[in-house]
Amino acid sequence: MSCFRLATATALAATRPMSVSGRTSRFLCNRAHQEFALARRPFSKTTSPPGNGNGVKKPPNGTFKLALFGAVLGAVTGSVYTVYSRWTDIDSHKEHEHTPPKRVENMPAGVRITKRYVNPKDTSGLDIVLFQFQTCPFCCKVRAYLDYMGVSYSVVEVDAVLRQDIRWSVLKKVPMVLLRQRDGDGQYVQMVDSSAIISLIATYLHDKRTDILELAEFYPHISFFDDESKKKTDILNKYFVMYQDRAPKNVTKETEEIERKWRSWADDHLVHLISPNCYQSMEESLETFEWFSKAGEWDVHFPKWERNLMVYCGAVAMWGIAKMLKRRHALTDDVRSHMYDALDKWTTELKKRNTKFMGGKQPSLADLSVFGVLSSMEGCQTFKDCLQNTSIGKWFYDVKEIVEKNRGQLHRERIEGVVLPA
Ligand SMILES: N[C@@H](CCC(=O)N[C@@H](CS)C(=O)NCC(=O)O)C(=O)O
């Protein structure tokens, strides 16, 4: 659940060059004007003007020269940025741009596979490499699905601070998967976004006649402008499993809609309650990071100094960020009560349906998504409190039992750049 990247990203943002948006260049231009104005001020207030009254021009003094130099430098920088931003940001006004998932010829060099789950009964015919943080809720969702489906896959545990294992990729978020058919042409498709990854694999496993690389084209990133006119991209159909006209018997329009509704609830609501809860005090934040370290086996995968850096810096940073997230999601100081309310909403719906799972007798993608998100904080105080104050436990452990039963056998290893056949 770390999402600890957020912390490092925030810290690093201060040192990185700003992105060259129109707003940035306007800001830089304004700065140039301000510097120019400041540079002029000394003449009117504190020093004699250049013509000193008797017709003799004094040479500019050192402060003036420095200020003039600053102003010119500021103006030049601003202008260069403006031109550069217009040039590079030429498509910034465009909406509905489609960017399909990228294809990758070979496994990028130097990728360190940490472990594999191998299921001899796996009939998927897929090679799957999952780049993840063990306790990121989105990664937990993907694992919950793969495990439930009994699919074999390899895991690359990404260092949340240095992220060497995804340095080859333009997209920097986890979960990220490289996927290919074993009987295909050897190319991988690179997918991000937990929900899109799940929908793509579910579509393929439902009907394996279409190559997974082709199916992935149906999950492009699409650009749009949000309410604040900020340009964003998202995989807009990420909750859609494409059954075409061959939907399984137990899948109806209504069950599909319900599944999509709860999958998006897990992403848009439930997940946002985790950080404000798990990092709400310094003590809880440290405890949470100790659990991440244990669950992600940080002391096995990273040197001690790096593990400690992740635990202590992460705990402090996330404690601060959790406050910001609490405000952003309009949560009161009693953050636990928001979590309890969310879990009550889920269990009340289950009770109303009178079924073991939201999917009926078997977990659906909605069950696996909610389970995945909650499993990311299983070792945290928040989860222990949830078990005591809500009735989520029965459903949670029912899903866990099936997921663990179907999961392949764990093989711990590091394989440089190669996915061994299962
Ligand atoms: N909507 C994405 C969210 C993924 C996400 O935010 N992942 C976080 C880790 S919990 C991340 O990689 N953050 C790194 C970054 O933003 O640079 C999904 O469902 O996969």
# chains A, B, ... in the order shown; residues from 1 in each chain; ligands from 1
>>> residues_around(residues="segment 246-262 of chain A", least_positions_apart="2", cutoff="9 Å", atoms="only C-alpha atoms", output="ChimeraX atom specification")
/A:206-207,239-244,264-267,346,358-359,364-367,369-370
>>> closest_residue(among="A:Ile392, A:Val300, A:Ile166, A:Leu273", to="Val335 of chain A", atoms="only C-alpha atoms")
A:Leu273
>>> residues_around(residues="segment 210-216 of chain A", least_positions_apart="4", cutoff="12 Å", atoms="only C-alpha atoms", output="PyMOL selection string")
chain A and resi 99-105+124-128+177-192+196-206+220-221+235+237-238+241-244
>>> write_last_selection(atoms="N, CA and C atoms", output="CSV table (one decimal), in the first residue's frame")
chain,number,residue,atom,x,y,z
A,99,THR,N,-3.9,6.8,-27.1
A,99,THR,CA,-2.6,6.2,-27.0
A,99,THR,C,-2.7,4.8,-26.6
A,100,PRO,N,-2.5,3.9,-27.6
A,100,PRO,CA,-2.7,2.4,-27.3
A,100,PRO,C,-1.5,2.0,-26.4
A,101,PRO,N,-1.6,0.9,-25.7
A,101,PRO,CA,-0.5,0.3,-24.9
A,101,PRO,C,0.7,0.0,-25.9
A,102,LYS,N,1.9,0.2,-25.3
A,102,LYS,CA,3.1,0.1,-26.1
A,102,LYS,C,3.4,-1.4,-26.2
A,103,ARG,N,4.1,-1.7,-27.3
A,103,ARG,CA,4.6,-3.1,-27.5
A,103,ARG,C,6.1,-3.1,-27.2
A,104,VAL,N,6.6,-4.1,-26.6
A,104,VAL,CA,8.0,-4.2,-26.2
A,104,VAL,C,8.6,-5.4,-26.8
A,105,GLU,N,9.6,-5.3,-27.6
A,105,GLU,CA,10.2,-6.4,-28.3
A,105,GLU,C,10.7,-7.5,-27.4
A,124,SER,N,-3.6,-20.7,-19.1
A,124,SER,CA,-3.8,-19.4,-19.8
A,124,SER,C,-2.9,-19.2,-21.0
A,125,GLY,N,-1.8,-19.9,-21.0
A,125,GLY,CA,-0.9,-19.7,-22.2
A,125,GLY,C,-0.2,-18.3,-22.2
A,126,LEU,N,-0.2,-17.7,-21.1
A,126,LEU,CA,0.4,-16.3,-21.0
A,126,LEU,C,1.7,-16.3,-20.2
A,127,ASP,N,2.6,-15.4,-20.6
A,127,ASP,CA,3.7,-15.0,-19.8
A,127,ASP,C,3.4,-13.6,-19.2
A,128,ILE,N,3.4,-13.6,-17.9
A,128,ILE,CA,3.0,-12.3,-17.3
A,128,ILE,C,4.1,-11.9,-16.3
A,177,VAL,N,2.3,-4.3,-16.1
A,177,VAL,CA,2.6,-5.7,-16.5
A,177,VAL,C,3.2,-5.7,-17.9
A,178,LEU,N,4.0,-6.7,-18.2
A,178,LEU,CA,4.4,-7.1,-19.5
A,178,LEU,C,3.7,-8.4,-19.8
A,179,LEU,N,3.0,-8.5,-20.9
A,179,LEU,CA,2.2,-9.6,-21.2
A,179,LEU,C,2.5,-10.2,-22.6
A,180,ARG,N,2.5,-11.5,-22.7
A,180,ARG,CA,2.5,-12.0,-24.1
A,180,ARG,C,2.0,-13.4,-24.1
A,181,GLN,N,1.6,-13.8,-25.3
A,181,GLN,CA,1.1,-15.2,-25.4
A,181,GLN,C,2.3,-16.1,-25.7
A,182,ARG,N,2.4,-17.2,-25.0
A,182,ARG,CA,3.6,-18.1,-25.2
A,182,ARG,C,3.7,-18.5,-26.7
A,183,ASP,N,2.6,-18.7,-27.4
A,183,ASP,CA,2.6,-19.1,-28.8
A,183,ASP,C,2.6,-17.9,-29.7
A,184,GLY,N,2.9,-16.7,-29.2
A,184,GLY,CA,2.8,-15.5,-30.1
A,184,GLY,C,4.2,-15.3,-30.7
A,185,ASP,N,4.4,-14.0,-31.2
A,185,ASP,CA,5.7,-13.7,-31.9
A,185,ASP,C,6.8,-13.2,-31.0
A,186,GLY,N,6.6,-13.4,-29.7
A,186,GLY,CA,7.6,-13.0,-28.7
A,186,GLY,C,7.5,-11.6,-28.2
A,187,GLN,N,6.7,-10.8,-28.8
A,187,GLN,CA,6.6,-9.4,-28.3
A,187,GLN,C,5.7,-9.4,-27.0
A,188,TYR,N,6.0,-8.4,-26.2
A,188,TYR,CA,5.2,-8.1,-25.0
A,188,TYR,C,4.3,-6.9,-25.3
A,189,VAL,N,3.2,-6.8,-24.6
A,189,VAL,CA,2.5,-5.6,-24.5
A,189,VAL,C,2.6,-5.1,-23.1
A,190,GLN,N,2.8,-3.7,-23.0
A,190,GLN,CA,3.0,-3.1,-21.6
A,190,GLN,C,1.7,-2.5,-21.2
A,191,MET,N,1.2,-2.9,-20.1
A,191,MET,CA,-0.1,-2.3,-19.6
A,191,MET,C,0.1,-1.7,-18.2
A,192,VAL,N,-0.5,-0.6,-18.0
A,192,VAL,CA,-0.6,0.0,-16.7
A,192,VAL,C,-2.1,0.1,-16.3
A,196,ALA,N,-7.6,-1.9,-15.8
A,196,ALA,CA,-7.4,-2.2,-17.2
A,196,ALA,C,-6.7,-3.5,-17.4
A,197,ILE,N,-5.7,-3.7,-16.5
A,197,ILE,CA,-4.9,-5.0,-16.6
A,197,ILE,C,-5.9,-6.2,-16.3
A,198,ILE,N,-6.7,-6.0,-15.3
A,198,ILE,CA,-7.6,-7.1,-14.9
A,198,ILE,C,-8.6,-7.3,-16.1
A,199,SER,N,-9.2,-6.2,-16.6
A,199,SER,CA,-10.2,-6.4,-17.7
A,199,SER,C,-9.6,-7.0,-18.9
A,200,LEU,N,-8.4,-6.6,-19.2
A,200,LEU,CA,-7.7,-7.2,-20.4
A,200,LEU,C,-7.5,-8.7,-20.3
A,201,ILE,N,-7.0,-9.1,-19.1
A,201,ILE,CA,-6.7,-10.5,-18.9
A,201,ILE,C,-8.0,-11.3,-18.9
A,202,ALA,N,-9.0,-10.7,-18.2
A,202,ALA,CA,-10.3,-11.4,-18.1
A,202,ALA,C,-10.9,-11.6,-19.5
A,203,THR,N,-10.8,-10.5,-20.3
A,203,THR,CA,-11.3,-10.6,-21.7
A,203,THR,C,-10.6,-11.8,-22.4
A,204,TYR,N,-9.3,-11.8,-22.3
A,204,TYR,CA,-8.5,-12.8,-23.0
A,204,TYR,C,-8.8,-14.2,-22.5
A,205,LEU,N,-8.9,-14.4,-21.2
A,205,LEU,CA,-9.2,-15.7,-20.6
A,205,LEU,C,-10.6,-16.2,-21.0
A,206,HIS,N,-11.5,-15.3,-21.2
A,206,HIS,CA,-12.8,-15.6,-21.6
A,206,HIS,C,-12.9,-16.3,-23.0
A,220,PRO,N,-7.0,1.9,-24.8
A,220,PRO,CA,-6.0,3.0,-25.0
A,220,PRO,C,-6.2,4.0,-23.9
A,221,HIS,N,-5.2,4.8,-23.6
A,221,HIS,CA,-5.3,6.0,-22.8
A,221,HIS,C,-6.0,7.0,-23.7
A,235,ILE,N,-7.8,5.4,-19.0
A,235,ILE,CA,-8.3,4.3,-19.8
A,235,ILE,C,-9.8,4.3,-19.5
A,237,ASN,N,-12.4,2.8,-20.6
A,237,ASN,CA,-13.2,1.6,-20.6
A,237,ASN,C,-12.6,0.5,-19.7
A,238,LYS,N,-11.8,1.0,-18.7
A,238,LYS,CA,-11.0,0.0,-17.9
A,238,LYS,C,-11.9,-1.0,-17.1
A,241,VAL,N,-15.2,-5.7,-19.4
A,241,VAL,CA,-14.7,-6.9,-19.9
A,241,VAL,C,-15.4,-7.2,-21.2
A,242,MET,N,-14.7,-7.5,-22.3
A,242,MET,CA,-15.3,-7.6,-23.6
A,242,MET,C,-15.8,-9.0,-23.8
A,243,TYR,N,-17.1,-9.3,-23.6
A,243,TYR,CA,-17.6,-10.6,-23.8
A,243,TYR,C,-18.1,-10.8,-25.2
A,244,GLN,N,-18.1,-9.7,-26.0
A,244,GLN,CA,-18.8,-9.8,-27.3
A,244,GLN,C,-20.2,-10.3,-27.2
>>> residues_around(residues="Ile222 of chain A", least_positions_apart="5", cutoff="9 Å", atoms="only C-alpha atoms", output="VMD selection string")
chain A and resid 95 to 100 232 to 236
>>> residues_around(residues="Asp344 of chain A", least_positions_apart="2", cutoff="12 Å", atoms="only C-alpha atoms", output="number ranges by chain")
A: 270, 337-342, 346-352, 386-387, 389-393, 395
